[in-house]
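S.K.: Have a look at this one.
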Amino acid sequence: MNAIEIKGLCKSFKDFSIDNLDLTVPRGCVVGLVGENGAGKSTTIKLILNLLRKDSGTVSVLGRDSADGLEQVKEDIGVVFDECCFPSDLNAMAMGRIFRAAYKNWDSQVYSDFLGKFDLPEKKKIGKFSRGMKMKLSIAAAMSHHAKLLVLDEATSGLDPVVRDDIIDIIGEFASDEEHSVLISSHIVSDLEKVCDYIAFMHKGRLMLFEEKDRMYEHYVVIHCTEKELADIRPEAVIGKKVGTFGVEAIILKDAVPKGIQPYPVDIEKLFVFMVKENT
Amino acid sequence: MKSVLIRGALCFKNPLSLVLSLLFFVAPIGLCFESGNNMETLNDTFLLGMMCTMMGSIIAMSLFAEDDKSGWDKFMATMPVPAGRVIVGRYLFTLALVLLYVLSATVPSVALMLKGSGFDVKEWLFVFSVLLGISVFMLSLTLPISVRFGNVAGIVVSVSVFMLLVFGGVIVSAMLVKNEQGITVLGDLIKADRYVLSAAIIGACAVFLGLSMVISVSLMKRKEY
């Protein structure tokens with residue numbers, strides 16, 4: 001069973017729409033949702049969590065169709081938004097009390113361990129926390145009720161590299177037992193590259209690519225060549241290109257590399273940027 | 001629902017200290033009025049009571065506005081707490097807060113009664129039920145509006161309804177007072193048994209609040225974030 005299964009998801013707004021989106025988060029995997037600002041990542045996550053009503057399509061979370069309500073599986077979902085959503089007039093200890101009342105599986109010891117690990121003061125008001133501290137608190141809350149699925153929406157944006165690295169490590173640890181699944185959206189591709197098993201590229205409300213990360217490294221390469229050499233490559237094998245003063249840098253399918261041209265390993269950020277530019 | 005009540009209870013310290021300071025300042029004000037018979041108690045302390053009850057409603061609405069602004073409402077929607085229970089929790093919290101303020105708002109009336117012809121339970125209950133009725137009516141209107149259109153709209157409506165009620169209250173008070181010929185315009189109302197009147201007002205409060213809660217739950221279930 002997949003942790004999340006989306007088929008033909010559509011949602012229209014005045015100036016933006018999610019268009020026929022198919023996406024799967026296999027159980028035990030970390031899926032990174034990559035896209036520029038306004039690509040539809042947060043909207044997709046809100047649709048998954050039933051915070052927005054879909055126009056059409058199906059969304060299933062931990063085996064439950066979201067149309068039937070997710071009440072029965074919410075216990076198993078940990079959510080972290082791009083902003084800490086906790087009331088600023090409360091402290092971490094008070095939040096613990098609220099969560100203990102809300103989640104049957106709330107583990108006060110795990111929560112307390114996380115607060116200690118993150119060096120978060122229990123009695124300081126959340127309003128006085130730094131952004132990094134707030135995000136750590138959000139992560140601590142999401143991880144302390146033994147969730148099976150973690151959904152993170154831009155949880156690492158606006159944080160310094162050290163905090164980002166901490167969060168990525170925790171996500172990696174969470175998903176290491178093949179039972180837990182994670183959907184994480186970000187436009188910081190380097191973060192996702194470290195932890196994800198699958199990468200999904202979104203652009204203007206559409207899914208451009210959804211593939212296993214390792215297969216991306218196997219399938220695509222970067223080459224440096226002339227425009228004439230690039231023109232000789234079959235067009236469908238060229239994912240994207242950038243024309244510079246000293247030639248062309250292109251991402252192409254590995255099996256299409258012409259003889260005599262040195263291929264280089266692709267990095268996901270470059271692949272994403274080239275694909276977006278090719279489609280703009 | 002428990003989590004909503006805990007969230008409310010955790011921020012109860014501020015309204016509570018406000019109530020205590022209110023009692024400290026408001027109680028002596030009751031003594032400043034000229035003590036008459038108990039029938040005039042409501043007229044004399046009406047505006048003061050209204051202001052106290054208004055404070056309770058505004059504090060509850062401010063808490064909801066803060067929860068909306070911080071994204072806590074959105075986060076709550078991802079927690080295993082059904083929308084209906086969130087609403088019931090909120091109503092219970094608001095009702096508790098309003099009761100606290102209404103009770104403190106009756107203090108000037110009690111002070112005035114003690115100064116005049118002595119404490120009268122019937123009269124006190126009437127003052128209490130009128131102030132509670134006004135608060136509950138106001139909240140029953142504004143809470144569904146705040147669920148549907150946001151808390152700013154809720155607060156705006158709350159203040160507008162308060163102003164209308166104050167003007168309405170002043171007019172009703174004037175009608176209750178005997179004119180030069182010794183005739184009261186709402187004579188029948190005054191003659192009616194205070195217990196019956198109080199029970200009728202409290203019953204109407206329960207109906208209003210129940211209806212409002214049903215509307216809020218249905219709006220909350222359809223809410224998008």
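Note on naming: chains are A, B, ... as they come in the structure tokens, residues start from 1 per chain, ligands start from 1 in the order shown.
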Excluding segment 62-73 of chain B and any residue of its chain fewer than 2 positions from it, enumerate the residues within 9 Å of it, using only C-alpha atoms, and give them as a list in words.
M.R.: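 Final neighbour list, sorted by chain and number: Glu83, Cys84, Cys85, Phe86, Pro87 and Ser88 of chain A; Gly8, Cys11, Ser57, Ile58, Ile59, Ala60, Phe75, Met76, Ala77, Arg90, Ser146, Gly150, Asn151, Val152, Gly154, Ile155 and Tyr225 of chain B.
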S.K.: How would the residues just chosen look if you wrote them out with N, CA and C atoms as a compact mmCIF listing (two decimals), in the first residue's frame?
M.R.:
# COMPACT_ATOMS: atom_id res chain seq x y z
N GLU A 83 5.59 27.74 8.15
CA GLU A 83 5.63 28.63 9.31
C GLU A 83 5.20 27.84 10.53
N CYS A 84 5.75 28.19 11.67
CA CYS A 84 5.29 27.53 12.89
C CYS A 84 3.87 28.02 13.19
N CYS A 85 2.95 27.11 13.31
CA CYS A 85 1.54 27.49 13.45
C CYS A 85 1.07 27.51 14.90
N PHE A 86 1.97 27.41 15.84
CA PHE A 86 1.55 27.31 17.24
C PHE A 86 1.31 28.70 17.84
N PRO A 87 0.32 28.81 18.71
CA PRO A 87 0.02 30.13 19.30
C PRO A 87 1.25 30.73 20.00
N SER A 88 1.51 31.99 19.66
CA SER A 88 2.74 32.61 20.15
C SER A 88 2.71 32.89 21.65
N GLY B 8 -7.64 27.05 25.54
CA GLY B 8 -8.33 28.20 26.12
C GLY B 8 -7.93 28.41 27.57
N CYS B 11 -4.71 30.16 28.41
CA CYS B 11 -4.59 31.61 28.28
C CYS B 11 -5.65 32.31 29.13
N SER B 57 -16.56 39.15 25.49
CA SER B 57 -16.71 38.72 24.09
C SER B 57 -15.49 39.10 23.28
N ILE B 58 -15.02 40.32 23.48
CA ILE B 58 -13.86 40.80 22.69
C ILE B 58 -12.62 39.96 23.00
N ILE B 59 -12.44 39.63 24.28
CA ILE B 59 -11.27 38.82 24.65
C ILE B 59 -11.34 37.45 23.98
N ALA B 60 -12.52 36.82 23.99
CA ALA B 60 -12.67 35.51 23.33
C ALA B 60 -12.40 35.64 21.84
N PHE B 75 -3.53 24.31 11.47
CA PHE B 75 -2.82 23.16 12.04
C PHE B 75 -3.81 22.22 12.75
N MET B 76 -4.78 22.83 13.45
CA MET B 76 -5.80 22.02 14.14
C MET B 76 -6.56 21.12 13.16
N ALA B 77 -6.73 21.67 11.93
CA ALA B 77 -7.47 20.90 10.92
C ALA B 77 -6.70 19.65 10.50
N ARG B 90 -14.72 25.62 21.46
CA ARG B 90 -14.64 27.09 21.41
C ARG B 90 -15.85 27.74 22.08
N SER B 146 -17.33 34.79 12.28
CA SER B 146 -15.87 34.69 12.35
C SER B 146 -15.38 33.38 11.75
N GLY B 150 -13.75 35.11 8.84
CA GLY B 150 -12.53 35.49 9.55
C GLY B 150 -12.84 36.29 10.79
N ASN B 151 -11.85 36.38 11.66
CA ASN B 151 -12.09 36.99 12.96
C ASN B 151 -12.18 38.51 12.94
N VAL B 152 -11.58 39.12 11.92
CA VAL B 152 -11.70 40.59 11.84
C VAL B 152 -13.16 40.94 11.62
N GLY B 154 -15.63 39.12 12.41
CA GLY B 154 -16.31 38.77 13.66
C GLY B 154 -16.26 39.90 14.66
N ILE B 155 -15.06 40.49 14.81
CA ILE B 155 -14.90 41.58 15.79
C ILE B 155 -15.68 42.81 15.35
N TYR B 225 -8.42 26.26 3.91
CA TYR B 225 -7.31 27.02 4.50
C TYR B 225 -6.28 27.39 3.44
S.K.: In terms of the shortest atom-to-atom distance over only C-alpha atoms, which of A:Leu207, A:Val151, A:Leu230, A:Leu120 is closest to chain B?
M.R.: A:Val151
S.K.: Write out as number ranges by chain the set of residues from segment 78-145 of chain A that DSSP, computed on the backbone, places in strand (DSSP E or B).
M.R.: A: 78-80, 91, 125
S.K.: Please identify all polymer residues within 12 Å of Met95 of chain A, counting only C-alpha atoms, omitting same-chain residues fewer than 6 positions from it, and present them as a VMD selection string.
M.R.: (chain A and resid 85 to 89 101 to 102 106 108 111 to 112 115 122 to 126 137 to 138 140 to 142 144) or (chain B and resid 3 to 4 6 to 8 10 to 11 72)
S.K.: Give one line per residue of chain A that approaches chain B to at most 9 Å, naming the two atoms of the closest pair and their distance in Å to one decimal, counting only C-alpha atoms; sort by chain then ascending residue number and deliver it as JSON lines.
M.R.:
{"residue": "A:Lys46", "atom": "CA", "partner": "B:Tyr225", "partner_atom": "CA", "distance": 7.8}
{"residue": "A:Leu49", "atom": "CA", "partner": "B:Thr78", "partner_atom": "CA", "distance": 6.7}
{"residue": "A:Asn50", "atom": "CA", "partner": "B:Thr78", "partner_atom": "CA", "distance": 8.2}
{"residue": "A:Leu51", "atom": "CA", "partner": "B:Tyr225", "partner_atom": "CA", "distance": 5.4}
{"residue": "A:Leu52", "atom": "CA", "partner": "B:Glu224", "partner_atom": "CA", "distance": 4.9}
{"residue": "A:Arg53", "atom": "CA", "partner": "B:Glu224", "partner_atom": "CA", "distance": 7.0}
{"residue": "A:Leu70", "atom": "CA", "partner": "B:Pro80", "partner_atom": "CA", "distance": 8.5}
{"residue": "A:Glu71", "atom": "CA", "partner": "B:Pro80", "partner_atom": "CA", "distance": 5.8}
{"residue": "A:Gln72", "atom": "CA", "partner": "B:Pro80", "partner_atom": "CA", "distance": 7.5}
{"residue": "A:Val73", "atom": "CA", "partner": "B:Pro80", "partner_atom": "CA", "distance": 7.8}
{"residue": "A:Lys74", "atom": "CA", "partner": "B:Pro80", "partner_atom": "CA", "distance": 5.0}
{"residue": "A:Glu75", "atom": "CA", "partner": "B:Pro80", "partner_atom": "CA", "distance": 5.5}
{"residue": "A:Asp76", "atom": "CA", "partner": "B:Pro80", "partner_atom": "CA", "distance": 9.0}
{"residue": "A:Ile77", "atom": "CA", "partner": "B:Thr78", "partner_atom": "CA", "distance": 8.0}
{"residue": "A:Gly78", "atom": "CA", "partner": "B:Thr78", "partner_atom": "CA", "distance": 8.3}
{"residue": "A:Val79", "atom": "CA", "partner": "B:Thr78", "partner_atom": "CA", "distance": 7.2}
{"residue": "A:Val80", "atom": "CA", "partner": "B:Phe75", "partner_atom": "CA", "distance": 8.7}
{"residue": "A:Phe81", "atom": "CA", "partner": "B:Phe75", "partner_atom": "CA", "distance": 8.3}
{"residue": "A:Glu83", "atom": "CA", "partner": "B:Gly71", "partner_atom": "CA", "distance": 8.1}
{"residue": "A:Cys84", "atom": "CA", "partner": "B:Ser70", "partner_atom": "CA", "distance": 7.7}
{"residue": "A:Cys85", "atom": "CA", "partner": "B:Gly71", "partner_atom": "CA", "distance": 4.5}
{"residue": "A:Phe86", "atom": "CA", "partner": "B:Trp72", "partner_atom": "CA", "distance": 5.4}
{"residue": "A:Pro87", "atom": "CA", "partner": "B:Ser70", "partner_atom": "CA", "distance": 6.0}
{"residue": "A:Ser88", "atom": "CA", "partner": "B:Ser70", "partner_atom": "CA", "distance": 7.3}
{"residue": "A:Asp89", "atom": "CA", "partner": "B:Cys11", "partner_atom": "CA", "distance": 7.7}
{"residue": "A:Leu90", "atom": "CA", "partner": "B:Leu10", "partner_atom": "CA", "distance": 7.6}
{"residue": "A:Ala94", "atom": "CA", "partner": "B:Leu10", "partner_atom": "CA", "distance": 7.3}
{"residue": "A:Met95", "atom": "CA", "partner": "B:Arg7", "partner_atom": "CA", "distance": 8.2}
{"residue": "A:Arg97", "atom": "CA", "partner": "B:Ile6", "partner_atom": "CA", "distance": 7.6}
{"residue": "A:Ile98", "atom": "CA", "partner": "B:Ser3", "partner_atom": "CA", "distance": 4.8}
{"residue": "A:Phe99", "atom": "CA", "partner": "B:Ser3", "partner_atom": "CA", "distance": 6.9}
{"residue": "A:Arg100", "atom": "CA", "partner": "B:Ser3", "partner_atom": "CA", "distance": 7.9}
{"residue": "A:Ala101", "atom": "CA", "partner": "B:Ser3", "partner_atom": "CA", "distance": 5.1}
{"residue": "A:Ala102", "atom": "CA", "partner": "B:Ser3", "partner_atom": "CA", "distance": 5.5}
{"residue": "A:Tyr103", "atom": "CA", "partner": "B:Pro80", "partner_atom": "CA", "distance": 6.6}
{"residue": "A:Lys104", "atom": "CA", "partner": "B:Pro80", "partner_atom": "CA", "distance": 8.9}
S.K.: Find the spatial neighbours of Asp267 of chain A, counting only C-alpha atoms, within a cut-off of 9 Å - ignore same-chain residues fewer than 4 positions away - and output them as number ranges by chain.
M.R.: A: 190, 193, 216-217, 221-222, 271-272
S.K.: Please produce a file of the residues just selected, as a PDB file, in the first residue's frame, where the atoms kept are N, CA and C atoms.
M.R.:
ATOM      1  N   SER A 190      19.057  21.007  -2.943  1.00  0.00           N
ATOM      2  CA  SER A 190      20.199  20.329  -2.318  1.00  0.00           C
ATOM      3  C   SER A 190      19.770  19.592  -1.034  1.00  0.00           C
ATOM      4  N   GLU A 193      18.031  16.400  -2.144  1.00  0.00           N
ATOM      5  CA  GLU A 193      18.980  15.470  -2.754  1.00  0.00           C
ATOM      6  C   GLU A 193      19.608  14.563  -1.694  1.00  0.00           C
ATOM      7  N   MET A 216      17.546   8.924 -11.736  1.00  0.00           N
ATOM      8  CA  MET A 216      17.835  10.216 -12.382  1.00  0.00           C
ATOM      9  C   MET A 216      19.322  10.315 -12.674  1.00  0.00           C
ATOM     10  N   TYR A 217      20.139   9.906 -11.692  1.00  0.00           N
ATOM     11  CA  TYR A 217      21.594   9.947 -11.897  1.00  0.00           C
ATOM     12  C   TYR A 217      22.009   8.994 -13.016  1.00  0.00           C
ATOM     13  N   VAL A 221      22.726  12.948 -17.944  1.00  0.00           N
ATOM     14  CA  VAL A 221      24.102  13.442 -17.774  1.00  0.00           C
ATOM     15  C   VAL A 221      24.191  14.875 -18.279  1.00  0.00           C
ATOM     16  N   VAL A 222      25.244  15.529 -17.852  1.00  0.00           N
ATOM     17  CA  VAL A 222      25.518  16.886 -18.337  1.00  0.00           C
ATOM     18  C   VAL A 222      26.622  16.789 -19.381  1.00  0.00           C
ATOM     19  N   LEU A 271      19.238  19.776 -13.069  1.00  0.00           N
ATOM     20  CA  LEU A 271      18.220  19.108 -13.875  1.00  0.00           C
ATOM     21  C   LEU A 271      16.889  19.851 -13.781  1.00  0.00           C
ATOM     22  N   PHE A 272      16.551  20.249 -12.554  1.00  0.00           N
ATOM     23  CA  PHE A 272      15.299  20.955 -12.326  1.00  0.00           C
ATOM     24  C   PHE A 272      15.295  22.319 -13.032  1.00  0.00           C
TER      25      PHE A 272
END
S.K.: If you run DSSP over the backbone, which residues in segment 80-237 of chain A end up alpha helix (DSSP H)? Put them as a PyMOL selection string.
M.R.: chain A and resi 92-102+108-117+131-143+161-174+189-195+213-219+227-231
S.K.: Using atom CA of Met135 of chain A and atom CA of Gly35 of chain A as the two end points, give the distance in Å to one decimal.
M.R.: 20.8 Å
S.K.: Just how far from atom CA of Val214 of chain B is atom CA of Ser198 of chain B, in Å to one decimal?
M.R.: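 Interatomic distance here is 24.4 Å.
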S.K.: One decimal, in Å: what's the spacing between atom CA of Val110 of chain B and atom CA of Leu141 of chain B?
M.R.: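 Here the two named atoms are 29.2 Å from each other.
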S.K.: Excluding same-chain residues fewer than 6 positions from segment 15-31 of chain A, what lies within 6 Å of it counting only C-alpha atoms, as an mmCIF file with N, CA, C and O atoms, in the first residue's frame?
M.R.:
data_model
loop_
_atom_site.group_PDB
_atom_site.id
_atom_site.type_symbol
_atom_site.label_atom_id
_atom_site.label_comp_id
_atom_site.auth_asym_id
_atom_site.auth_seq_id
_atom_site.Cartn_x
_atom_site.Cartn_y
_atom_site.Cartn_z
ATOM 1 N N ASN A 2 0.501 2.193 -0.850
ATOM 2 C CA ASN A 2 1.243 3.455 -0.870
ATOM 3 C C ASN A 2 0.770 4.360 0.261
ATOM 4 O O ASN A 2 -0.402 4.321 0.644
ATOM 5 N N ALA A 3 1.689 5.161 0.762
ATOM 6 C CA ALA A 3 1.308 6.089 1.836
ATOM 7 C C ALA A 3 0.382 7.177 1.296
ATOM 8 O O ALA A 3 -0.602 7.537 1.934
ATOM 9 N N ILE A 4 0.727 7.690 0.128
ATOM 10 C CA ILE A 4 -0.137 8.683 -0.532
ATOM 11 C C ILE A 4 -0.293 8.269 -1.999
ATOM 12 O O ILE A 4 0.693 7.894 -2.645
ATOM 13 N N GLU A 5 -1.503 8.366 -2.499
ATOM 14 C CA GLU A 5 -1.753 8.049 -3.901
ATOM 15 C C GLU A 5 -2.679 9.115 -4.478
ATOM 16 O O GLU A 5 -3.807 9.271 -4.002
ATOM 17 N N ILE A 6 -2.174 9.843 -5.447
ATOM 18 C CA ILE A 6 -2.985 10.909 -6.046
ATOM 19 C C ILE A 6 -3.210 10.569 -7.519
ATOM 20 O O ILE A 6 -2.246 10.253 -8.225
ATOM 21 N N LYS A 7 -4.455 10.639 -7.952
ATOM 22 C CA LYS A 7 -4.752 10.353 -9.363
ATOM 23 C C LYS A 7 -5.651 11.436 -9.954
ATOM 24 O O LYS A 7 -6.726 11.714 -9.398
ATOM 25 N N GLY A 8 -5.190 12.024 -11.028
ATOM 26 C CA GLY A 8 -5.992 13.007 -11.767
ATOM 27 C C GLY A 8 -6.492 14.169 -10.934
ATOM 28 O O GLY A 8 -7.608 14.654 -11.122
ATOM 29 N N LEU A 9 -5.658 14.627 -10.020
ATOM 30 C CA LEU A 9 -6.079 15.697 -9.099
ATOM 31 C C LEU A 9 -6.140 17.055 -9.814
ATOM 32 O O LEU A 9 -5.173 17.473 -10.459
ATOM 33 N N GLU A 178 11.858 1.799 6.836
ATOM 34 C CA GLU A 178 11.015 1.295 5.738
ATOM 35 C C GLU A 178 9.517 1.253 6.073
ATOM 36 O O GLU A 178 8.722 0.781 5.285
ATOM 37 N N GLU A 179 9.130 1.694 7.235
ATOM 38 C CA GLU A 179 7.722 1.705 7.633
ATOM 39 C C GLU A 179 7.151 3.116 7.522
ATOM 40 O O GLU A 179 5.983 3.307 7.274
ATOM 41 N N HIS A 180 8.036 4.067 7.774
ATOM 42 C CA HIS A 180 7.601 5.467 7.763
ATOM 43 C C HIS A 180 7.810 6.094 6.391
ATOM 44 O O HIS A 180 8.804 5.806 5.730
ATOM 45 N N SER A 181 6.894 6.957 6.029
ATOM 46 C CA SER A 181 7.000 7.619 4.717
ATOM 47 C C SER A 181 7.020 9.130 4.926
ATOM 48 O O SER A 181 6.459 9.631 5.901
ATOM 49 N N VAL A 182 7.648 9.812 3.983
ATOM 50 C CA VAL A 182 7.758 11.273 4.100
ATOM 51 C C VAL A 182 7.469 11.920 2.749
ATOM 52 O O VAL A 182 7.957 11.451 1.717
ATOM 53 N N LEU A 183 6.662 12.966 2.779
ATOM 54 C CA LEU A 183 6.519 13.831 1.606
ATOM 55 C C LEU A 183 7.038 15.189 2.030
ATOM 56 O O LEU A 183 6.512 15.794 2.965
ATOM 57 N N CYS A 196 16.049 12.244 -0.133
ATOM 58 C CA CYS A 196 14.903 11.659 -0.850
ATOM 59 C C CYS A 196 15.233 10.389 -1.623
ATOM 60 O O CYS A 196 16.329 10.222 -2.141
ATOM 61 N N ASP A 197 14.223 9.522 -1.705
ATOM 62 C CA ASP A 197 14.328 8.333 -2.557
ATOM 63 C C ASP A 197 13.753 8.652 -3.933
ATOM 64 O O ASP A 197 14.230 8.142 -4.943
ATOM 65 N N TYR A 198 12.706 9.460 -3.931
ATOM 66 C CA TYR A 198 12.058 9.858 -5.180
ATOM 67 C C TYR A 198 12.003 11.384 -5.245
ATOM 68 O O TYR A 198 11.889 12.036 -4.206
ATOM 69 N N ILE A 199 12.065 11.890 -6.464
ATOM 70 C CA ILE A 199 11.936 13.333 -6.640
ATOM 71 C C ILE A 199 10.793 13.597 -7.626
ATOM 72 O O ILE A 199 10.686 12.941 -8.657
ATOM 73 N N GLY A 205 1.784 24.126 -11.677
ATOM 74 C CA GLY A 205 0.654 23.261 -11.323
ATOM 75 C C GLY A 205 0.654 21.898 -11.968
ATOM 76 O O GLY A 205 -0.284 21.130 -11.814
ATOM 77 N N ARG A 206 1.716 21.605 -12.730
ATOM 78 C CA ARG A 206 1.788 20.295 -13.392
ATOM 79 C C ARG A 206 3.008 19.528 -12.913
ATOM 80 O O ARG A 206 4.040 20.117 -12.570
#
